[in-house]
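Visitor: This is the structure I want to talk about, given as structure tokens.
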Amino acid sequence: NYSAKENIIENLPYKPKYSFLSDDVYHYVSNVSPLPHRAVCRIKADVYGSELRASGFLVGPKILLTSAHCVMNENDNDNFFADWVAYPGYKGGNSYKNVSSGWSKIIYPSNWKSSHSVEDDWCLCILNEDIGNDVDWLTCYTYNSNSDLLLRSVQSIGYPSNPGGAVLQYYTTGAISKVENGYFRSSSIVSEGMSGGPVIDIYTGFVIGIIKGYTSTEGVGVRITPTIKNLIAENF
């Protein structure tokens with residue numbers, strides 16, 4: 001983590017494009033080629049003849065971060081979803097540079113299968129292909145104190161079922177309204193299909209959370225922790 005905000009801004013993978021907003025409007029991403037959008041993935045898998053609708057994002061050449069429930073079926077003893085594939089920058093039936101990948105290895109909290117707790121709902125996927133070298137990836141950042149996260153302006157990105165049918169990328173914006181040790185709530189509303197997508201600090205451009213789910217009035221995100229950052233570094 002950088003100690004000075006000036007350093008964060010100077011080294012952004014992209015410059016912040018949005019001022020402080022708080023709404024429940026879904027903004028369609030018509031151009032998925034710039035970062036962060038091309039590094040956000042549509043995830044597809046087979047669920048006994050139905051289709052899994054989920055999101056994720058690249059954090060390294062062969063590393064993708066998503067929700068644990070977007071890789072394992074909570075309703076079927078956490079068995080892995082079949083035919084799981086990630087498509088970065090997906091739009092109009094094609095991914096960015098037509099690349100995609102399944103996973104060869106996954107890393108997730110040891111408590112996930114027994115607890116299914118909010119803070120444990122994350123999964124690091126080591127991919128079969130180094131699609132990050134074609135696409136690029138996003139940088140994760142850890143705010144160690146709850147007060148540092150509170151009221152931060154955020155952008156949540158993913159492939160919602162409604163709108164978009166889980167094949168078009170959208171984002172919403174808002175502010176973090178409540179912070180717990182392993183997760184947070186925000187006014188950046190999300191919906192089915194966006195789970196596993198990034199929650200981005202609008203000021204810094206860094207990923208600070210993973211979309212977990214939602215209530216009728218709030219989006220819920222899992223915090224990027226030092227453990228997650230260390231695992232990314234170890235598998236880079």
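Chain lettering (A, B, ...) mirrors the order of the structure tokens, residue numbering begins at 1 for each chain separately, and ligand numbering begins at 1 in order of display.
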Considering only C-alpha atoms, give me a table of residues in segment 72-149 of chain A that are at most 12 Å from segment 189-198 of chain A, with the closest atom pair and distance in Å for each, as a tab-separated table.

Guide:
```
residue	atom	partner	partner_atom	distance
A:Ala86	CA	A:Gly196	CA	11.4
A:Pro88	CA	A:Gly197	CA	11.3
A:Asp121	CA	A:Gly196	CA	9.0
A:Trp122	CA	A:Gly196	CA	7.8
A:Cys123	CA	A:Gly196	CA	8.8
A:Leu124	CA	A:Gly196	CA	10.6
A:Cys125	CA	A:Gly196	CA	11.6
A:Trp137	CA	A:Pro198	CA	11.5
A:Leu138	CA	A:Pro198	CA	9.1
A:Thr139	CA	A:Pro198	CA	10.4
A:Cys140	CA	A:Pro198	CA	9.4
A:Tyr141	CA	A:Pro198	CA	11.6
```

Visitor: Using only C-alpha atoms, which residues sit within 8 Å of Gly221 of chain A once same-chain residues fewer than 4 positions away are excluded, as an NGL selection string?

Guide: :A and (183-186 or 199 or 209-213)

Visitor: Could you save those same residues with all heavy atoms as a PDB file, in the first residue's frame?

Guide:
```pdb
ATOM      1  N   TYR A 183     -16.076  -7.015   5.558  1.00  0.00           N
ATOM      2  CA  TYR A 183     -16.930  -6.611   4.451  1.00  0.00           C
ATOM      3  C   TYR A 183     -17.490  -5.215   4.703  1.00  0.00           C
ATOM      4  O   TYR A 183     -17.300  -4.626   5.765  1.00  0.00           O
ATOM      5  CB  TYR A 183     -18.062  -7.624   4.236  1.00  0.00           C
ATOM      6  CG  TYR A 183     -19.057  -7.732   5.367  1.00  0.00           C
ATOM      7  CD1 TYR A 183     -20.256  -7.027   5.344  1.00  0.00           C
ATOM      8  CD2 TYR A 183     -18.807  -8.549   6.475  1.00  0.00           C
ATOM      9  CE1 TYR A 183     -21.176  -7.128   6.381  1.00  0.00           C
ATOM     10  CE2 TYR A 183     -19.711  -8.663   7.514  1.00  0.00           C
ATOM     11  CZ  TYR A 183     -20.901  -7.949   7.460  1.00  0.00           C
ATOM     12  OH  TYR A 183     -21.796  -8.044   8.488  1.00  0.00           O
ATOM     13  N   PHE A 184     -18.184  -4.698   3.701  1.00  0.00           N
ATOM     14  CA  PHE A 184     -18.785  -3.371   3.831  1.00  0.00           C
ATOM     15  C   PHE A 184     -20.095  -3.317   3.049  1.00  0.00           C
ATOM     16  O   PHE A 184     -20.382  -4.166   2.200  1.00  0.00           O
ATOM     17  CB  PHE A 184     -17.827  -2.278   3.346  1.00  0.00           C
ATOM     18  CG  PHE A 184     -17.328  -2.468   1.943  1.00  0.00           C
ATOM     19  CD1 PHE A 184     -18.092  -2.145   0.830  1.00  0.00           C
ATOM     20  CD2 PHE A 184     -16.051  -3.002   1.719  1.00  0.00           C
ATOM     21  CE1 PHE A 184     -17.621  -2.330  -0.457  1.00  0.00           C
ATOM     22  CE2 PHE A 184     -15.573  -3.193   0.427  1.00  0.00           C
ATOM     23  CZ  PHE A 184     -16.364  -2.860  -0.662  1.00  0.00           C
ATOM     24  N   ARG A 185     -20.881  -2.297   3.333  1.00  0.00           N
ATOM     25  CA  ARG A 185     -22.109  -2.013   2.590  1.00  0.00           C
ATOM     26  C   ARG A 185     -21.962  -0.649   1.934  1.00  0.00           C
ATOM     27  O   ARG A 185     -21.289   0.228   2.468  1.00  0.00           O
ATOM     28  CB  ARG A 185     -23.324  -2.033   3.522  1.00  0.00           C
ATOM     29  CG  ARG A 185     -23.547  -3.377   4.221  1.00  0.00           C
ATOM     30  CD  ARG A 185     -24.741  -3.323   5.173  1.00  0.00           C
ATOM     31  NE  ARG A 185     -24.895  -4.554   5.910  1.00  0.00           N
ATOM     32  CZ  ARG A 185     -25.586  -5.610   5.480  1.00  0.00           C
ATOM     33  NH1 ARG A 185     -26.181  -5.548   4.298  1.00  0.00           N
ATOM     34  NH2 ARG A 185     -25.684  -6.698   6.206  1.00  0.00           N
ATOM     35  N   SER A 186     -22.617  -0.486   0.789  1.00  0.00           N
ATOM     36  CA  SER A 186     -22.521   0.797   0.102  1.00  0.00           C
ATOM     37  C   SER A 186     -23.821   1.105  -0.628  1.00  0.00           C
ATOM     38  O   SER A 186     -24.665   0.229  -0.836  1.00  0.00           O
ATOM     39  CB  SER A 186     -21.358   0.796  -0.901  1.00  0.00           C
ATOM     40  OG  SER A 186     -21.732   0.149  -2.094  1.00  0.00           O
ATOM     41  N   VAL A 199     -15.159  -3.813  -6.730  1.00  0.00           N
ATOM     42  CA  VAL A 199     -15.607  -2.539  -6.154  1.00  0.00           C
ATOM     43  C   VAL A 199     -14.381  -1.635  -6.139  1.00  0.00           C
ATOM     44  O   VAL A 199     -13.388  -1.938  -5.464  1.00  0.00           O
ATOM     45  CB  VAL A 199     -16.173  -2.705  -4.735  1.00  0.00           C
ATOM     46  CG1 VAL A 199     -16.655  -1.364  -4.193  1.00  0.00           C
ATOM     47  CG2 VAL A 199     -17.302  -3.730  -4.720  1.00  0.00           C
ATOM     48  N   GLY A 209     -12.640  -3.949  -2.973  1.00  0.00           N
ATOM     49  CA  GLY A 209     -13.599  -4.958  -2.557  1.00  0.00           C
ATOM     50  C   GLY A 209     -14.063  -5.826  -3.718  1.00  0.00           C
ATOM     51  O   GLY A 209     -13.800  -5.541  -4.886  1.00  0.00           O
ATOM     52  N   ILE A 210     -14.743  -6.903  -3.370  1.00  0.00           N
ATOM     53  CA  ILE A 210     -15.328  -7.847  -4.316  1.00  0.00           C
ATOM     54  C   ILE A 210     -16.830  -7.849  -4.087  1.00  0.00           C
ATOM     55  O   ILE A 210     -17.280  -8.001  -2.945  1.00  0.00           O
ATOM     56  CB  ILE A 210     -14.776  -9.268  -4.090  1.00  0.00           C
ATOM     57  CG1 ILE A 210     -13.249  -9.267  -4.102  1.00  0.00           C
ATOM     58  CG2 ILE A 210     -15.324 -10.243  -5.128  1.00  0.00           C
ATOM     59  CD1 ILE A 210     -12.646 -10.459  -3.368  1.00  0.00           C
ATOM     60  N   ILE A 211     -17.600  -7.670  -5.143  1.00  0.00           N
ATOM     61  CA  ILE A 211     -19.055  -7.663  -4.999  1.00  0.00           C
ATOM     62  C   ILE A 211     -19.517  -9.022  -4.461  1.00  0.00           C
ATOM     63  O   ILE A 211     -19.250 -10.066  -5.060  1.00  0.00           O
ATOM     64  CB  ILE A 211     -19.754  -7.371  -6.337  1.00  0.00           C
ATOM     65  CG1 ILE A 211     -19.355  -5.984  -6.848  1.00  0.00           C
ATOM     66  CG2 ILE A 211     -21.268  -7.468  -6.181  1.00  0.00           C
ATOM     67  CD1 ILE A 211     -19.840  -5.686  -8.255  1.00  0.00           C
ATOM     68  N   LYS A 212     -20.186  -8.985  -3.316  1.00  0.00           N
ATOM     69  CA  LYS A 212     -20.707 -10.198  -2.690  1.00  0.00           C
ATOM     70  C   LYS A 212     -22.177 -10.418  -3.046  1.00  0.00           C
ATOM     71  O   LYS A 212     -22.601 -11.504  -3.413  1.00  0.00           O
ATOM     72  CB  LYS A 212     -20.532 -10.101  -1.169  1.00  0.00           C
ATOM     73  CG  LYS A 212     -21.516 -10.890  -0.326  1.00  0.00           C
ATOM     74  CD  LYS A 212     -21.351 -12.384  -0.481  1.00  0.00           C
ATOM     75  CE  LYS A 212     -22.350 -13.132   0.416  1.00  0.00           C
ATOM     76  NZ  LYS A 212     -22.249 -14.588   0.227  1.00  0.00           N
ATOM     77  N   GLY A 213     -22.966  -9.358  -2.907  1.00  0.00           N
ATOM     78  CA  GLY A 213     -24.401  -9.481  -3.126  1.00  0.00           C
ATOM     79  C   GLY A 213     -25.084  -8.165  -2.806  1.00  0.00           C
ATOM     80  O   GLY A 213     -24.476  -7.096  -2.903  1.00  0.00           O
TER      81      GLY A 213
END
```

Visitor: Can you tell me, as number ranges by chain, what residues are no more than 8 Å from Tyr159 of chain A when counting only C-alpha atoms, ignoring any on the same chain fewer than 3 positions away?

Guide: A: 42, 53-55, 164-170, 193-194

Visitor: Quick one: write out the picked residues with N, CA and C atoms as a PDB file, in the first residue's frame?

Guide:
```pdb
ATOM      1  N   ARG A  42     -16.850 -11.523 -17.636  1.00  0.00           N
ATOM      2  CA  ARG A  42     -18.086 -12.286 -17.542  1.00  0.00           C
ATOM      3  C   ARG A  42     -17.697 -13.720 -17.260  1.00  0.00           C
ATOM      4  N   ARG A  53     -24.490 -17.132 -13.892  1.00  0.00           N
ATOM      5  CA  ARG A  53     -24.255 -15.748 -14.286  1.00  0.00           C
ATOM      6  C   ARG A  53     -23.453 -15.072 -13.189  1.00  0.00           C
ATOM      7  N   ALA A  54     -22.233 -14.690 -13.511  1.00  0.00           N
ATOM      8  CA  ALA A  54     -21.348 -14.133 -12.493  1.00  0.00           C
ATOM      9  C   ALA A  54     -20.288 -13.252 -13.149  1.00  0.00           C
ATOM     10  N   SER A  55     -19.503 -12.602 -12.313  1.00  0.00           N
ATOM     11  CA  SER A  55     -18.450 -11.696 -12.770  1.00  0.00           C
ATOM     12  C   SER A  55     -17.161 -11.992 -12.019  1.00  0.00           C
ATOM     13  N   GLY A 164     -29.313  -6.075 -18.910  1.00  0.00           N
ATOM     14  CA  GLY A 164     -28.175  -6.590 -19.657  1.00  0.00           C
ATOM     15  C   GLY A 164     -28.156  -8.061 -19.955  1.00  0.00           C
ATOM     16  N   GLY A 165     -28.975  -8.859 -19.250  1.00  0.00           N
ATOM     17  CA  GLY A 165     -28.997 -10.290 -19.529  1.00  0.00           C
ATOM     18  C   GLY A 165     -27.696 -11.003 -19.244  1.00  0.00           C
ATOM     19  N   ALA A 166     -26.845 -10.400 -18.379  1.00  0.00           N
ATOM     20  CA  ALA A 166     -25.548 -10.976 -17.983  1.00  0.00           C
ATOM     21  C   ALA A 166     -24.566 -11.088 -19.139  1.00  0.00           C
ATOM     22  N   VAL A 167     -24.808 -10.342 -20.232  1.00  0.00           N
ATOM     23  CA  VAL A 167     -23.877 -10.365 -21.360  1.00  0.00           C
ATOM     24  C   VAL A 167     -23.354  -8.969 -21.689  1.00  0.00           C
ATOM     25  N   LEU A 168     -23.825  -7.959 -20.973  1.00  0.00           N
ATOM     26  CA  LEU A 168     -23.366  -6.587 -21.159  1.00  0.00           C
ATOM     27  C   LEU A 168     -22.846  -6.051 -19.832  1.00  0.00           C
ATOM     28  N   GLN A 169     -21.792  -5.248 -19.910  1.00  0.00           N
ATOM     29  CA  GLN A 169     -21.174  -4.730 -18.688  1.00  0.00           C
ATOM     30  C   GLN A 169     -21.833  -3.422 -18.254  1.00  0.00           C
ATOM     31  N   TYR A 170     -22.061  -3.320 -16.950  1.00  0.00           N
ATOM     32  CA  TYR A 170     -22.644  -2.120 -16.348  1.00  0.00           C
ATOM     33  C   TYR A 170     -21.847  -1.749 -15.100  1.00  0.00           C
ATOM     34  N   GLY A 193     -25.692 -11.539 -11.002  1.00  0.00           N
ATOM     35  CA  GLY A 193     -24.780 -11.526 -12.141  1.00  0.00           C
ATOM     36  C   GLY A 193     -23.549 -10.675 -11.910  1.00  0.00           C
ATOM     37  N   MET A 194     -23.661  -9.701 -11.004  1.00  0.00           N
ATOM     38  CA  MET A 194     -22.516  -8.828 -10.711  1.00  0.00           C
ATOM     39  C   MET A 194     -21.616  -9.402  -9.628  1.00  0.00           C
TER      40      MET A 194
END
```

Visitor: Within 10 Å of Trp112 of chain A, counting only C-alpha atoms, which residues show up once you throw out same-chain ones fewer than 3 positions away? Write them as a list in words, please.

Guide: Ala68, His69, Glu74, Asp78, Tyr108, Pro109, Ser115, His116, Ser117, Val118, Glu119, Asp120, Asp121, Trp122 and Cys123 of chain A

Visitor: Have a look at A:Gly56, A:Pro163, A:Gly49, A:Gly182 and name the one nearest to Tyr28 of chain A; count only C-alpha atoms.

Guide: A:Pro163

Visitor: What parts of segment 123-231 of chain A does DSSP call helix (DSSP H, G or I)? I'd like the answer as a list in words.

Guide: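 Helix (DSSP H, G or I) members of segment 123-231 of chain A, listed: Gly132, Asn133, Asp134, Val135, Asn146, Ser147, Asp148, Leu149, Pro226, Thr227, Ile228, Lys229, Asn230 and Leu231 of chain A.
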
Visitor: Save out the residues we just selected, N, CA, C and O atoms, as a compact mmCIF listing (two decimals), in the first residue's frame.

Guide:
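Okay, again_33.txt is ready:
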```txt
# COMPACT_ATOMS: atom_id res chain seq x y z
N GLY A 132 -4.07 -12.39 -18.85
CA GLY A 132 -3.76 -11.06 -18.32
C GLY A 132 -2.68 -10.35 -19.12
O GLY A 132 -2.64 -9.12 -19.16
N ASN A 133 -1.81 -11.11 -19.75
CA ASN A 133 -0.77 -10.48 -20.58
C ASN A 133 -1.35 -9.86 -21.84
O ASN A 133 -0.75 -8.94 -22.41
N ASP A 134 -2.48 -10.36 -22.29
CA ASP A 134 -3.17 -9.76 -23.44
C ASP A 134 -4.10 -8.63 -23.03
O ASP A 134 -4.35 -7.71 -23.81
N VAL A 135 -4.61 -8.72 -21.81
CA VAL A 135 -5.68 -7.82 -21.37
C VAL A 135 -5.18 -6.74 -20.42
O VAL A 135 -5.63 -5.59 -20.48
N ASN A 146 -11.26 0.66 9.54
CA ASN A 146 -12.64 0.85 9.10
C ASN A 146 -12.91 2.29 8.74
O ASN A 146 -13.64 2.58 7.78
N SER A 147 -12.34 3.22 9.48
CA SER A 147 -12.60 4.64 9.25
C SER A 147 -12.05 5.10 7.89
O SER A 147 -12.60 6.02 7.29
N ASP A 148 -10.99 4.46 7.41
CA ASP A 148 -10.44 4.83 6.11
C ASP A 148 -11.39 4.45 4.97
O ASP A 148 -11.37 5.07 3.90
N LEU A 149 -12.18 3.40 5.18
CA LEU A 149 -13.11 2.95 4.15
C LEU A 149 -14.44 3.70 4.17
O LEU A 149 -15.05 3.92 3.12
N PRO A 226 -5.09 -8.01 3.59
CA PRO A 226 -3.68 -8.35 3.37
C PRO A 226 -3.49 -9.80 2.93
O PRO A 226 -2.60 -10.10 2.13
N THR A 227 -4.33 -10.72 3.42
CA THR A 227 -4.24 -12.12 3.01
C THR A 227 -4.45 -12.27 1.52
O THR A 227 -3.69 -12.97 0.83
N ILE A 228 -5.47 -11.60 0.99
CA ILE A 228 -5.74 -11.68 -0.45
C ILE A 228 -4.58 -11.09 -1.23
O ILE A 228 -4.12 -11.68 -2.23
N LYS A 229 -4.09 -9.94 -0.80
CA LYS A 229 -2.97 -9.30 -1.51
C LYS A 229 -1.72 -10.19 -1.49
O LYS A 229 -1.01 -10.29 -2.49
N ASN A 230 -1.46 -10.82 -0.35
CA ASN A 230 -0.28 -11.68 -0.26
C ASN A 230 -0.41 -12.90 -1.17
O ASN A 230 0.58 -13.32 -1.79
N LEU A 231 -1.60 -13.46 -1.25
CA LEU A 231 -1.81 -14.62 -2.13
C LEU A 231 -1.66 -14.24 -3.59
O LEU A 231 -1.12 -15.02 -4.40
```

Visitor: May I ask for the distance between atom CA of Ser187 of chain A and atom CA of Gly219 of chain A, given in Å to one decimal place?

Guide: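 So the answer is 6.2 Å.
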
Visitor: Of the candidates A:Ile131, A:Asn73, A:Tyr96, A:Ser145, which one gets nearest to Leu35 of chain A if we count only C-alpha atoms?

Guide: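 For Leu35 of chain A, the nearest of the given residues is A:Tyr96.
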
Visitor: For segment 172-178 of chain A, work out the shell of residues within 6 Å, counting only C-alpha atoms and skipping chain neighbours fewer than 4 positions away, then give it as number ranges by chain.

Guide: A: 21-22, 26, 150-156, 184-188

Visitor: Suppose we keep N, CA, C and O atoms; can you now write the selection as a tab-separated table (two decimals), in the first residue's frame?

Guide:
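The result, stored in again_15.tsv:
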```
chain	number	residue	atom	x	y	z
A	21	LEU	N	-20.85	10.35	-6.66
A	21	LEU	CA	-22.23	10.09	-7.05
A	21	LEU	C	-22.83	9.11	-6.06
A	21	LEU	O	-22.13	8.31	-5.45
A	22	SER	N	-24.11	9.15	-5.90
A	22	SER	CA	-24.81	8.18	-5.08
A	22	SER	C	-26.17	7.93	-5.72
A	22	SER	O	-27.08	8.73	-5.59
A	26	TYR	N	-28.08	2.00	-13.26
A	26	TYR	CA	-27.10	1.14	-13.91
A	26	TYR	C	-26.61	1.84	-15.18
A	26	TYR	O	-27.39	2.19	-16.05
A	150	LEU	N	-14.87	4.10	5.33
A	150	LEU	CA	-16.19	4.70	5.49
A	150	LEU	C	-16.34	5.95	4.63
A	150	LEU	O	-15.46	6.81	4.61
A	151	LEU	N	-17.46	6.04	3.91
A	151	LEU	CA	-17.86	7.17	3.07
A	151	LEU	C	-17.04	7.30	1.79
A	151	LEU	O	-17.20	8.29	1.06
A	152	ARG	N	-16.18	6.33	1.50
A	152	ARG	CA	-15.44	6.41	0.24
A	152	ARG	C	-16.38	6.23	-0.94
A	152	ARG	O	-17.29	5.41	-0.92
A	153	SER	N	-16.12	7.00	-2.00
A	153	SER	CA	-16.89	6.87	-3.23
A	153	SER	C	-16.40	5.65	-4.00
A	153	SER	O	-15.19	5.50	-4.21
A	154	VAL	N	-17.35	4.83	-4.43
A	154	VAL	CA	-16.97	3.59	-5.09
A	154	VAL	C	-17.77	3.36	-6.37
A	154	VAL	O	-18.84	3.93	-6.58
A	155	GLN	N	-17.21	2.52	-7.20
A	155	GLN	CA	-17.84	2.09	-8.45
A	155	GLN	C	-17.84	0.56	-8.46
A	155	GLN	O	-16.80	-0.06	-8.26
A	156	SER	N	-19.02	-0.04	-8.66
A	156	SER	CA	-19.15	-1.49	-8.74
A	156	SER	C	-19.39	-1.88	-10.19
A	156	SER	O	-20.27	-1.30	-10.85
A	184	PHE	N	-18.18	-4.70	3.70
A	184	PHE	CA	-18.79	-3.37	3.83
A	184	PHE	C	-20.10	-3.32	3.05
A	184	PHE	O	-20.38	-4.17	2.20
A	185	ARG	N	-20.88	-2.30	3.33
A	185	ARG	CA	-22.11	-2.01	2.59
A	185	ARG	C	-21.96	-0.65	1.93
A	185	ARG	O	-21.29	0.23	2.47
A	186	SER	N	-22.62	-0.49	0.79
A	186	SER	CA	-22.52	0.80	0.10
A	186	SER	C	-23.82	1.11	-0.63
A	186	SER	O	-24.66	0.23	-0.84
A	187	SER	N	-23.96	2.36	-1.04
A	187	SER	CA	-25.14	2.77	-1.82
A	187	SER	C	-24.94	2.49	-3.30
A	187	SER	O	-25.77	2.88	-4.12
A	188	SER	N	-23.84	1.84	-3.67
A	188	SER	CA	-23.62	1.37	-5.04
A	188	SER	C	-24.40	0.07	-5.21
A	188	SER	O	-23.92	-1.01	-4.87
```

Visitor: Using only C-alpha atoms, determine which residues lie at most 8 Å from Asp83 of chain A, disregarding the query and same-chain residues fewer than 3 positions distant; provide the list as a PyMOL selection string.

Guide: chain A and resi 44-46+102

Visitor: Calculated over only C-alpha atoms, which of the candidates A:Asp130, A:Glu234, A:Glu180, A:Asp136 has the smallest distance to His37 of chain A?

Guide: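 Checking each of A:Asp130, A:Glu234, A:Glu180, A:Asp136 against His37 of chain A, counting only C-alpha atoms, the winner is A:Asp136.
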
Visitor: Among segment 61-216 of chain A, which ones does DSSP place in strand (DSSP E), written as a ChimeraX atom specification?

Guide: /A:63-66,72-73,79-80,82-88,103-107,123-127,153-158,170-179,183-186,198-201,207-214

Visitor: Take atom CA of Asn144 of chain A and atom CA of Thr66 of chain A and report the distance between them in Å, one decimal.

Guide: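 Pair atom CA of Asn144 of chain A / atom CA of Thr66 of chain A returns 20.6 Å.
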
Visitor: Compare A:Val40, A:Ile106, A:Ala233, A:Ala82 by their minimum atom-to-atom distance to Ile200 of chain A, counting only C-alpha atoms, and give me the closest one.

Guide: A:Val40
